[in-house]
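Student: Below is model22.tsv; it holds TSV, C-alpha atoms.
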chain	number	residue	atom	x	y	z
A	21	MET	CA	7.65	3.24	40.64
A	22	GLY	CA	8.65	3.80	44.29
A	23	GLU	CA	11.27	6.40	45.19
A	24	GLY	CA	13.84	3.73	46.08
A	25	LEU	CA	13.33	1.89	42.81
A	26	ARG	CA	13.54	5.14	40.88
A	27	ASP	CA	16.86	5.97	42.56
A	28	ILE	CA	18.25	2.58	41.59
A	29	TRP	CA	17.03	3.05	37.99
A	30	VAL	CA	18.58	6.52	37.74
A	31	TYR	CA	21.85	5.14	39.13
A	32	LEU	CA	21.91	2.23	36.70
A	33	ALA	CA	20.75	4.26	33.71
A	34	ALA	CA	23.89	6.38	34.08
A	35	SER	CA	26.17	3.43	33.26
A	36	PRO	CA	26.35	1.71	29.87
A	37	LEU	CA	25.63	-1.65	31.47
A	38	LEU	CA	21.88	-1.25	31.76
A	39	ALA	CA	21.28	-0.04	28.20
A	40	LEU	CA	23.56	-2.76	26.83
A	41	THR	CA	21.91	-5.53	28.83
A	42	LEU	CA	18.42	-4.34	27.89
A	43	THR	CA	19.38	-4.14	24.20
A	44	LEU	CA	20.83	-7.65	24.19
A	45	ALA	CA	17.94	-9.08	26.22
A	46	ALA	CA	15.24	-7.50	24.04
A	47	TYR	CA	16.97	-8.73	20.88
A	48	GLN	CA	17.54	-12.17	22.38
A	49	MET	CA	13.84	-12.43	23.18
A	50	GLY	CA	12.94	-11.24	19.68
A	51	PHE	CA	15.31	-13.73	18.10
A	52	TRP	CA	13.91	-16.56	20.22
A	53	ILE	CA	10.40	-15.76	18.97
A	54	TYR	CA	11.72	-15.47	15.39
A	55	ARG	CA	13.31	-18.95	15.68
A	56	LYS	CA	10.19	-20.40	17.29
A	57	GLY	CA	8.22	-18.96	14.37
A	58	ARG	CA	10.57	-20.76	11.91
A	59	LEU	CA	12.22	-17.53	10.75
A	60	ASN	CA	8.90	-16.09	9.61
A	61	PRO	CA	10.01	-12.72	8.18
A	62	LEU	CA	7.10	-10.93	9.85
A	63	LEU	CA	8.56	-11.79	13.28
A	64	ASN	CA	11.59	-9.60	12.58
A	65	PRO	CA	13.77	-9.53	15.73
A	66	VAL	CA	14.90	-5.92	15.15
A	67	LEU	CA	11.30	-4.74	15.07
A	68	PHE	CA	10.49	-6.66	18.26
A	69	ALA	CA	13.54	-5.30	20.12
A	70	VAL	CA	12.85	-1.71	19.02
A	71	VAL	CA	9.21	-1.86	20.15
A	72	VAL	CA	10.14	-3.38	23.54
A	73	LEU	CA	12.95	-0.88	24.15
A	74	VAL	CA	10.88	2.17	23.15
A	75	ALA	CA	8.16	0.96	25.52
A	76	ILE	CA	10.64	0.54	28.39
A	77	LEU	CA	12.26	3.95	27.79
A	78	THR	CA	8.87	5.65	27.54
A	79	VAL	CA	7.46	4.02	30.69
A	80	THR	CA	10.60	4.80	32.71
A	81	ASP	CA	10.82	8.32	31.22
A	82	THR	CA	14.40	7.72	30.06
A	83	ALA	CA	15.81	9.94	27.29
A	84	TYR	CA	17.05	8.33	24.08
A	85	ALA	CA	20.40	10.08	24.54
A	86	THR	CA	20.82	8.39	27.93
A	87	TYR	CA	20.00	5.01	26.41
A	88	PHE	CA	22.32	5.58	23.45
A	89	GLU	CA	25.28	6.38	25.72
A	90	GLY	CA	25.27	2.71	26.62
A	91	ALA	CA	23.85	1.22	23.43
A	92	GLN	CA	26.46	3.00	21.29
A	93	PHE	CA	28.85	0.12	21.98
A	94	VAL	CA	26.52	-2.19	20.06
A	95	HIS	CA	25.93	0.50	17.42
A	96	PHE	CA	29.69	0.91	16.94
A	97	LEU	CA	30.05	-2.72	15.83
A	98	LEU	CA	28.06	-1.93	12.66
A	99	GLY	CA	31.33	-0.61	11.18
A	100	PRO	CA	33.42	-3.78	11.53
A	101	ALA	CA	30.37	-5.89	10.61
A	102	THR	CA	30.10	-3.95	7.33
A	103	VAL	CA	33.79	-4.65	6.66
A	104	ALA	CA	33.11	-8.35	7.33
A	105	LEU	CA	30.60	-8.39	4.43
A	106	ALA	CA	33.72	-8.88	2.28
A	107	LEU	CA	33.65	-12.54	3.38
A	108	PRO	CA	30.41	-13.75	1.76
A	109	LEU	CA	31.30	-11.63	-1.24
A	110	TYR	CA	34.67	-13.34	-1.57
A	111	ARG	CA	33.07	-16.77	-1.19
A	112	GLN	CA	30.72	-15.95	-4.08
A	113	ILE	CA	33.31	-14.23	-6.27
A	114	GLU	CA	32.76	-16.57	-9.22
A	115	ARG	CA	29.02	-15.90	-9.39
A	116	VAL	CA	29.52	-12.15	-8.99
A	117	ARG	CA	32.07	-12.06	-11.79
A	118	LYS	CA	29.81	-14.06	-14.13
A	119	SER	CA	26.91	-11.64	-13.73
A	120	ALA	CA	28.68	-8.28	-13.40
A	121	LEU	CA	26.60	-6.63	-16.15
A	122	ALA	CA	23.29	-7.96	-14.83
A	123	ILE	CA	24.21	-6.74	-11.33
A	124	THR	CA	25.12	-3.24	-12.56
A	125	VAL	CA	21.93	-2.74	-14.60
A	126	SER	CA	19.60	-4.23	-11.96
A	127	LEU	CA	21.21	-2.19	-9.24
A	128	LEU	CA	20.88	1.11	-11.10
A	129	ALA	CA	17.24	0.34	-11.93
A	130	GLY	CA	16.55	-0.51	-8.29
A	131	SER	CA	18.42	2.49	-6.93
A	132	LEU	CA	16.46	4.93	-9.11
A	133	THR	CA	13.17	3.19	-8.31
A	134	ALA	CA	13.89	3.51	-4.59
A	135	ILE	CA	14.48	7.28	-4.78
A	136	VAL	CA	11.78	8.23	-7.29
A	137	SER	CA	8.99	6.07	-5.87
A	138	ALA	CA	9.61	7.10	-2.24
A	139	VAL	CA	9.67	10.82	-3.01
A	140	GLY	CA	6.86	10.52	-5.56
A	141	ILE	CA	4.41	8.68	-3.30
A	142	ALA	CA	5.13	10.90	-0.28
A	143	TRP	CA	4.73	14.03	-2.44
A	144	VAL	CA	1.37	12.85	-3.81
A	145	PHE	CA	0.15	12.34	-0.25
A	146	GLY	CA	1.22	15.80	0.80
A	147	ALA	CA	4.43	15.25	2.75
A	148	THR	CA	6.43	18.37	3.58
A	149	ASP	CA	9.79	19.08	1.90
A	150	GLU	CA	11.63	18.18	5.09
A	151	ILE	CA	10.09	14.70	5.02
A	152	LEU	CA	10.67	14.30	1.25
A	153	VAL	CA	14.42	14.97	1.54
A	154	SER	CA	14.75	12.80	4.62
A	155	LEU	CA	12.90	10.00	2.82
A	156	ALA	CA	14.83	10.09	-0.47
A	157	PRO	CA	17.89	8.04	0.64
A	158	LYS	CA	15.84	5.60	2.75
A	159	SER	CA	17.09	2.43	1.01
A	160	VAL	CA	20.74	3.19	1.71
A	161	THR	CA	22.72	2.00	4.72
A	162	ALA	CA	22.25	4.42	7.63
A	163	PRO	CA	25.60	6.27	7.79
A	164	VAL	CA	25.52	7.13	4.06
A	165	ALA	CA	21.82	7.95	4.06
A	166	MET	CA	22.31	10.35	6.95
A	167	GLY	CA	25.18	12.08	5.13
A	168	ILE	CA	23.10	12.50	1.95
A	169	SER	CA	20.07	13.75	3.89
A	170	GLU	CA	22.16	16.36	5.69
A	171	GLN	CA	23.78	17.50	2.45
A	172	LEU	CA	20.35	18.11	0.85
A	173	GLY	CA	18.80	19.82	3.86
A	174	GLY	CA	16.90	16.94	5.48
A	175	LEU	CA	16.90	15.72	9.09
A	176	PRO	CA	19.68	13.10	9.45
A	177	SER	CA	18.23	11.54	12.60
A	178	LEU	CA	14.81	11.20	10.95
A	179	THR	CA	16.52	9.64	7.93
A	180	ALA	CA	18.19	7.09	10.22
A	181	VAL	CA	14.79	6.06	11.53
A	182	LEU	CA	13.25	5.86	8.04
A	183	VAL	CA	16.23	3.78	6.91
A	184	ILE	CA	15.71	1.30	9.76
A	185	LEU	CA	11.96	1.12	9.07
A	186	THR	CA	12.68	0.49	5.38
A	187	GLY	CA	15.12	-2.26	6.33
A	188	ILE	CA	12.56	-3.95	8.57
A	189	LEU	CA	9.86	-3.64	5.89
A	190	GLY	CA	12.09	-5.06	3.17
A	191	ALA	CA	13.25	-7.95	5.36
A	192	ALA	CA	9.68	-8.68	6.47
A	193	LEU	CA	7.75	-8.25	3.19
A	194	GLY	CA	10.46	-8.88	0.57
A	195	PRO	CA	10.43	-12.68	0.75
A	196	PHE	CA	6.65	-12.78	0.21
A	197	LEU	CA	6.83	-10.41	-2.74
A	198	LEU	CA	9.68	-12.37	-4.33
A	199	ASN	CA	7.73	-15.62	-3.95
A	200	LEU	CA	4.72	-13.92	-5.50
A	201	LEU	CA	6.87	-12.80	-8.45
A	202	ARG	CA	8.30	-16.33	-8.68
A	203	VAL	CA	11.88	-15.13	-8.38
A	204	LYS	CA	13.73	-18.23	-7.22
A	205	ASP	CA	17.29	-17.36	-8.12
A	206	MET	CA	19.07	-16.65	-4.80
A	207	ALA	CA	21.36	-14.10	-6.43
A	208	ALA	CA	18.43	-12.06	-7.77
A	209	ARG	CA	16.60	-12.33	-4.44
A	210	GLY	CA	19.66	-11.20	-2.49
A	211	LEU	CA	20.41	-8.35	-4.86
A	212	ALA	CA	16.83	-7.07	-4.65
A	213	ILE	CA	16.66	-7.27	-0.85
A	214	GLY	CA	20.06	-5.61	-0.43
A	215	THR	CA	19.24	-2.77	-2.84
A	216	ALA	CA	15.91	-1.99	-1.17
A	217	SER	CA	16.71	-2.69	2.47
A	218	HIS	CA	20.49	-2.49	3.04
A	219	GLY	CA	21.98	-4.19	6.12
A	220	ILE	CA	18.75	-5.31	7.78
A	221	GLY	CA	17.70	-7.05	4.58
A	222	THR	CA	21.22	-8.47	4.27
A	223	ALA	CA	21.08	-9.83	7.82
A	224	ARG	CA	17.88	-11.63	6.91
A	225	ALA	CA	19.29	-12.87	3.58
A	226	LEU	CA	22.40	-14.26	5.32
A	227	GLN	CA	20.19	-16.28	7.65
A	228	VAL	CA	18.52	-17.92	4.67
A	229	SER	CA	21.26	-18.46	2.08
A	230	GLU	CA	24.96	-17.72	1.68
A	231	VAL	CA	24.43	-16.77	-1.97
A	232	ALA	CA	21.55	-14.41	-1.19
A	233	GLY	CA	23.59	-12.92	1.67
A	234	ALA	CA	26.59	-12.25	-0.53
A	235	PHE	CA	24.56	-10.59	-3.27
A	236	SER	CA	22.59	-8.61	-0.71
A	237	GLY	CA	25.78	-7.33	0.92
A	238	LEU	CA	27.15	-6.42	-2.50
A	239	ALA	CA	23.93	-4.60	-3.43
A	240	MET	CA	24.01	-2.69	-0.15
A	241	GLY	CA	27.52	-1.41	-0.83
A	242	LEU	CA	26.83	-0.59	-4.48
A	243	ASN	CA	23.53	1.14	-3.73
A	244	ALA	CA	25.24	3.29	-1.11
A	245	LEU	CA	27.67	4.37	-3.80
A	246	ALA	CA	25.03	4.81	-6.53
A	247	THR	CA	22.63	6.82	-4.35
A	248	ALA	CA	25.40	9.01	-2.92
A	249	ILE	CA	26.24	10.04	-6.49
A	250	LEU	CA	22.79	9.95	-8.19
A	251	LEU	CA	20.56	11.51	-5.55
A	252	PRO	CA	22.28	14.92	-5.22
A	253	LEU	CA	22.40	15.19	-9.05
A	254	LEU	CA	18.74	14.21	-9.38
A	255	TRP	CA	17.72	16.55	-6.57
A	256	ASN	CA	19.47	19.60	-8.02
A	257	TRP	CA	18.01	18.84	-11.41
A	258	LEU	CA	14.44	18.54	-10.08
A	259	PHE	CA	14.37	21.39	-7.56
B	12	MET	CA	41.35	-14.32	16.86
B	13	ILE	CA	42.52	-10.92	18.11
B	14	PHE	CA	44.78	-10.75	15.07
B	15	TYR	CA	41.82	-11.01	12.68
B	16	LEU	CA	39.69	-8.67	14.77
B	17	THR	CA	42.53	-6.17	14.52
B	18	LEU	CA	42.69	-6.74	10.77
B	19	ILE	CA	38.97	-5.95	10.38
B	20	PHE	CA	39.27	-2.79	12.49
B	21	ALA	CA	42.36	-1.79	10.52
B	22	CYS	CA	40.43	-2.15	7.24
B	23	GLN	CA	37.70	0.09	8.61
B	24	LEU	CA	40.25	2.62	9.82
B	25	ALA	CA	41.95	2.61	6.42
B	26	GLY	CA	38.52	3.12	4.86
B	27	GLU	CA	37.79	6.11	7.10
B	28	LEU	CA	41.19	7.61	6.28
B	29	LEU	CA	40.69	7.16	2.53
B	30	LYS	CA	37.21	8.66	2.74
B	31	ALA	CA	38.53	11.74	4.56
B	32	ALA	CA	41.61	12.13	2.36
B	33	LEU	CA	39.81	11.75	-0.98
B	34	GLU	CA	36.46	13.21	0.17
B	35	LEU	CA	34.64	10.11	-1.07
B	36	PRO	CA	30.83	10.05	-0.75
B	37	VAL	CA	30.91	6.43	0.52
B	38	PRO	CA	31.18	5.63	4.25
B	39	GLY	CA	34.46	4.35	5.69
B	40	PRO	CA	33.21	0.84	6.55
B	41	VAL	CA	32.03	0.25	2.96
B	42	ILE	CA	35.49	1.28	1.70
B	43	GLY	CA	36.92	-1.01	4.39
B	44	MET	CA	34.86	-3.84	2.97
B	45	VAL	CA	36.34	-3.20	-0.47
B	46	ILE	CA	39.86	-3.15	1.01
B	47	LEU	CA	39.33	-6.47	2.82
B	48	PHE	CA	37.77	-7.98	-0.31
B	49	ALA	CA	40.73	-6.85	-2.42
B	50	GLY	CA	43.08	-8.32	0.18
B	51	LEU	CA	41.33	-11.70	0.03
B	52	VAL	CA	41.44	-11.71	-3.77
B	53	ILE	CA	45.17	-10.90	-3.77
B	54	LYS	CA	45.89	-13.50	-1.08
B	55	GLY	CA	43.72	-16.01	-2.92
B	56	GLY	CA	42.18	-17.62	0.16
B	57	LEU	CA	40.09	-17.04	3.28
B	58	PRO	CA	41.99	-17.76	6.53
B	59	GLU	CA	40.05	-19.92	8.99
B	60	GLY	CA	40.46	-17.42	11.85
B	61	LEU	CA	39.15	-14.52	9.77
B	62	ALA	CA	36.15	-16.61	8.73
B	63	GLN	CA	35.39	-17.28	12.42
B	64	VAL	CA	35.56	-13.62	13.47
B	65	GLY	CA	33.74	-12.33	10.39
B	66	ASP	CA	30.95	-14.88	10.58
B	67	THR	CA	30.40	-14.02	14.25
B	68	PHE	CA	29.76	-10.41	13.23
B	69	LEU	CA	27.52	-11.37	10.32
B	70	GLY	CA	25.61	-13.99	12.30
B	71	ASN	CA	24.45	-11.23	14.65
B	72	LEU	CA	24.17	-8.40	12.16
B	73	SER	CA	20.55	-7.52	12.88
B	74	LEU	CA	21.27	-6.93	16.60
B	75	LEU	CA	23.57	-4.06	15.64
B	76	PHE	CA	20.68	-2.04	14.13
B	77	VAL	CA	18.64	-2.00	17.33
B	78	PRO	CA	20.19	1.10	19.01
B	79	ALA	CA	19.63	3.27	15.91
B	80	GLY	CA	16.13	1.86	15.50
B	81	VAL	CA	15.15	2.91	19.02
B	82	GLY	CA	15.79	6.47	17.80
B	83	VAL	CA	12.30	6.28	16.30
B	84	MET	CA	11.07	7.61	19.67
B	85	LEU	CA	12.64	10.99	18.91
B	86	HIS	CA	10.50	11.45	15.82
B	87	ILE	CA	7.23	9.83	16.76
B	88	ALA	CA	5.38	13.18	16.71
B	89	LEU	CA	6.69	14.26	13.29
B	90	ILE	CA	6.08	10.81	11.80
B	91	GLY	CA	2.59	10.79	13.35
B	92	GLU	CA	1.64	14.08	11.66
B	93	GLN	CA	2.44	12.70	8.21
B	94	ALA	CA	1.90	9.05	8.97
B	95	LEU	CA	-0.12	8.27	5.83
B	96	ALA	CA	2.38	9.75	3.36
B	97	ILE	CA	5.36	8.18	5.15
B	98	THR	CA	3.79	4.73	5.52
B	99	LEU	CA	2.65	4.56	1.91
B	100	ALA	CA	5.99	5.87	0.64
B	101	LEU	CA	8.01	3.39	2.71
B	102	VAL	CA	5.89	0.34	1.90
B	103	GLY	CA	5.24	1.25	-1.75
B	104	SER	CA	8.80	2.23	-2.52
B	105	THR	CA	10.38	-0.74	-0.73
B	106	LEU	CA	8.16	-3.21	-2.59
B	107	ALA	CA	8.69	-1.42	-5.93
B	108	THR	CA	12.46	-1.42	-5.44
B	109	ILE	CA	12.57	-5.13	-4.62
B	110	ALA	CA	10.33	-6.00	-7.59
B	111	VAL	CA	12.22	-3.87	-10.13
B	112	THR	CA	15.68	-5.04	-9.02
B	113	ALA	CA	14.73	-8.73	-8.94
B	114	LEU	CA	12.84	-8.65	-12.25
B	115	VAL	CA	15.62	-6.83	-14.12
B	116	MET	CA	18.15	-9.29	-12.69
B	117	ASN	CA	15.91	-12.18	-13.78
B	118	LEU	CA	15.63	-10.67	-17.25
B	119	PHE	CA	19.38	-11.18	-17.56
B	120	GLY	CA	18.94	-14.79	-16.58
B	121	GLY	CA	19.94	-14.20	-12.94
B	122	SER	CA	23.31	-15.46	-11.76
B	123	ASP	CA	22.88	-19.02	-12.94
B	124	ARG	CA	19.49	-20.53	-13.71
B	125	GLN	CA	20.55	-24.16	-13.29
B	126	GLU	CA	21.86	-23.63	-9.79
B	127	ALA	CA	18.81	-21.72	-8.57
B	128	GLU	CA	17.89	-22.95	-5.11
B	129	LYS	CA	14.33	-23.06	-3.96
B	130	THR	CA	13.79	-21.57	-0.53
B	131	ASP	CA	12.02	-18.60	0.92
B	132	GLY	CA	14.87	-16.13	1.42
When written as structure tokens, how does the structure in this file appear?
Tutor:
Amino acid sequence: MGEGLRDIWVYLAASPLLALTLTLAAYQMGFWIYRKGRLNPLLNPVLFAVVVLVAILTVTDTAYATYFEGAQFVHFLLGPATVALALPLYRQIERVRKSALAITVSLLAGSLTAIVSAVGIAWVFGATDEILVSLAPKSVTAPVAMGISEQLGGLPSLTAVLVILTGILGAALGPFLLNLLRVKDMAARGLAIGTASHGIGTARALQVSEVAGAFSGLAMGLNALATAILLPLLWNWLF
Amino acid sequence: MIFYLTLIFACQLAGELLKAALELPVPGPVIGMVILFAGLVIKGGLPEGLAQVGDTFLGNLSLLFVPAGVGVMLHIALIGEQALAITLALVGSTLATIAVTALVMNLFGGSDRQEAEKTDG
């Protein structure tokens, strides 16, 4: 990069506009490819945008903190978007009420599986304690997962990254696995995706079916609650 | 439209306040979701304007995860050192969680067998 160009970049990088525009543009491009690929879950737009943005920041030697100063305005909207998950839930209230027991049992089974299998596999393959704690709440929506990780002595920012990766994995691989298992019921599919891969899975589920989206959003909320209570108990009991 | 946007923000704010006051382990926005849901149940209907605002948020939900996801660049070295354990744990655990949750739910007969739709969600 020439000196003049670099000056312009430094000037622009100091305002939120550049980071915001880049975030929207990278996502837009990712979403366009995702649509062109007929919503193939492997073409996850979040994954595409993250890869493109990390490449741009690395090449231009821009710090994540500088980027986040602008991108935080997008990040902030996660809060109101989570509140808005009440809508699909309300639209599906009859179904939810009919299967309250099934939801509770499935969710607890899924929540425990998420914690035990993540920590178990990583432990077998020699991960350090720091990684194990940061990994334990990986299926829970980012703000809660970070809180749990911090409480148990993990690295909250690493947890945030593992949470996002889990979300992308669940959204990308979940549909294939569910087809393989011949699970056709949209409620069961949504509940499974939401329990394992929180908001990113829910975003994907909403694109496919209103029922799956509602159950996924419900599972995300309930798993946040279940893990926030179960994980600290389990952790203190084990270690 | 601004009215319903305000309503959503107010639910989140109420959620944050409740979380702080009662020291709940759940994040404010999730409590906000419960508050809005309760409100809809009490009111017994979903106003058109709220549906518009809410569906705009939900239609673009995945975009909102991008800034946090880019944070992966901060931890590339640490993740690289233990890449095998982390990759296997993430993939294995995510698949196991999806399988267990879906199969247990199916065991109960799902939400409603007759209405099951066939797509690839």
Student: Just checking: using all atoms listed in the file, which residue out of A:Ala45, A:Ala223, A:Met240, A:Ala165 ends up closest to chain B?
Tutor: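 So, comparing all the options, the nearest one is A:Ala223.
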Student: Using CA of Val102 (chain B) and CA of Pro163 (chain A) as the two end points, give the distance in Å to one decimal.
Tutor: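 Computed distance, CA of Val102 (chain B) to CA of Pro163 (chain A), equals 21.4 Å.
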Student: Residues at most 6 Å from region 243-258 of chain A, counting only C-alpha atoms, excluding those fewer than 5 positions away in the same chain, as a list of chain:residue names?
Tutor: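 Contacts, with the query itself left out: A:Val160, A:Thr215, B:Pro36, B:Val37.
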Student: Any idea what the distance is between CA of Ala88 (chain B) and CA of Tyr87 (chain A)?
Tutor: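 Between CA of Ala88 (chain B) and CA of Tyr87 (chain A) the gap works out to 19.4 Å.
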Student: Given the choices A:Leu178, A:Val30, A:Leu242, A:Leu201, which gets closest to Thr86 (chain A) if the distance is worked out from all atoms listed in the file?
Tutor: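 Counting all atoms listed in the file, the residue closest to Thr86 (chain A) is A:Val30.
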Student: Kindly indicate which residue among A:Leu107, A:Ile151, A:Leu175, A:Leu182 lies nearest to Val64 (chain B), using all atoms listed in the file for the distances.
Tutor: A:Leu107
Student: Show which residues sit within 12 Å of region 54-58 of chain B, as a PyMOL selection string. Count all atoms listed in the file, and ignore same-chain residues fewer than 5 positions away.
Tutor: (chain A and resi 104+106-113) or (chain B and resi 12+14-15+18+47-49+63-66)
Student: Distance CA of Leu62 (chain A)-CA of Leu193 (chain A), one decimal place?
Tutor: 7.2 Å
Student: Tell me, as a list in words, which residues lie within 10 Å of Ala85 (chain A), counting only C-alpha atoms; anything in the same chain fewer than 5 positions away does not count.
Tutor: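 Close residues of Ala85 (chain A): Gly90, Ala91 and Gln92 of chain A; Gly82 and Leu85 of chain B.
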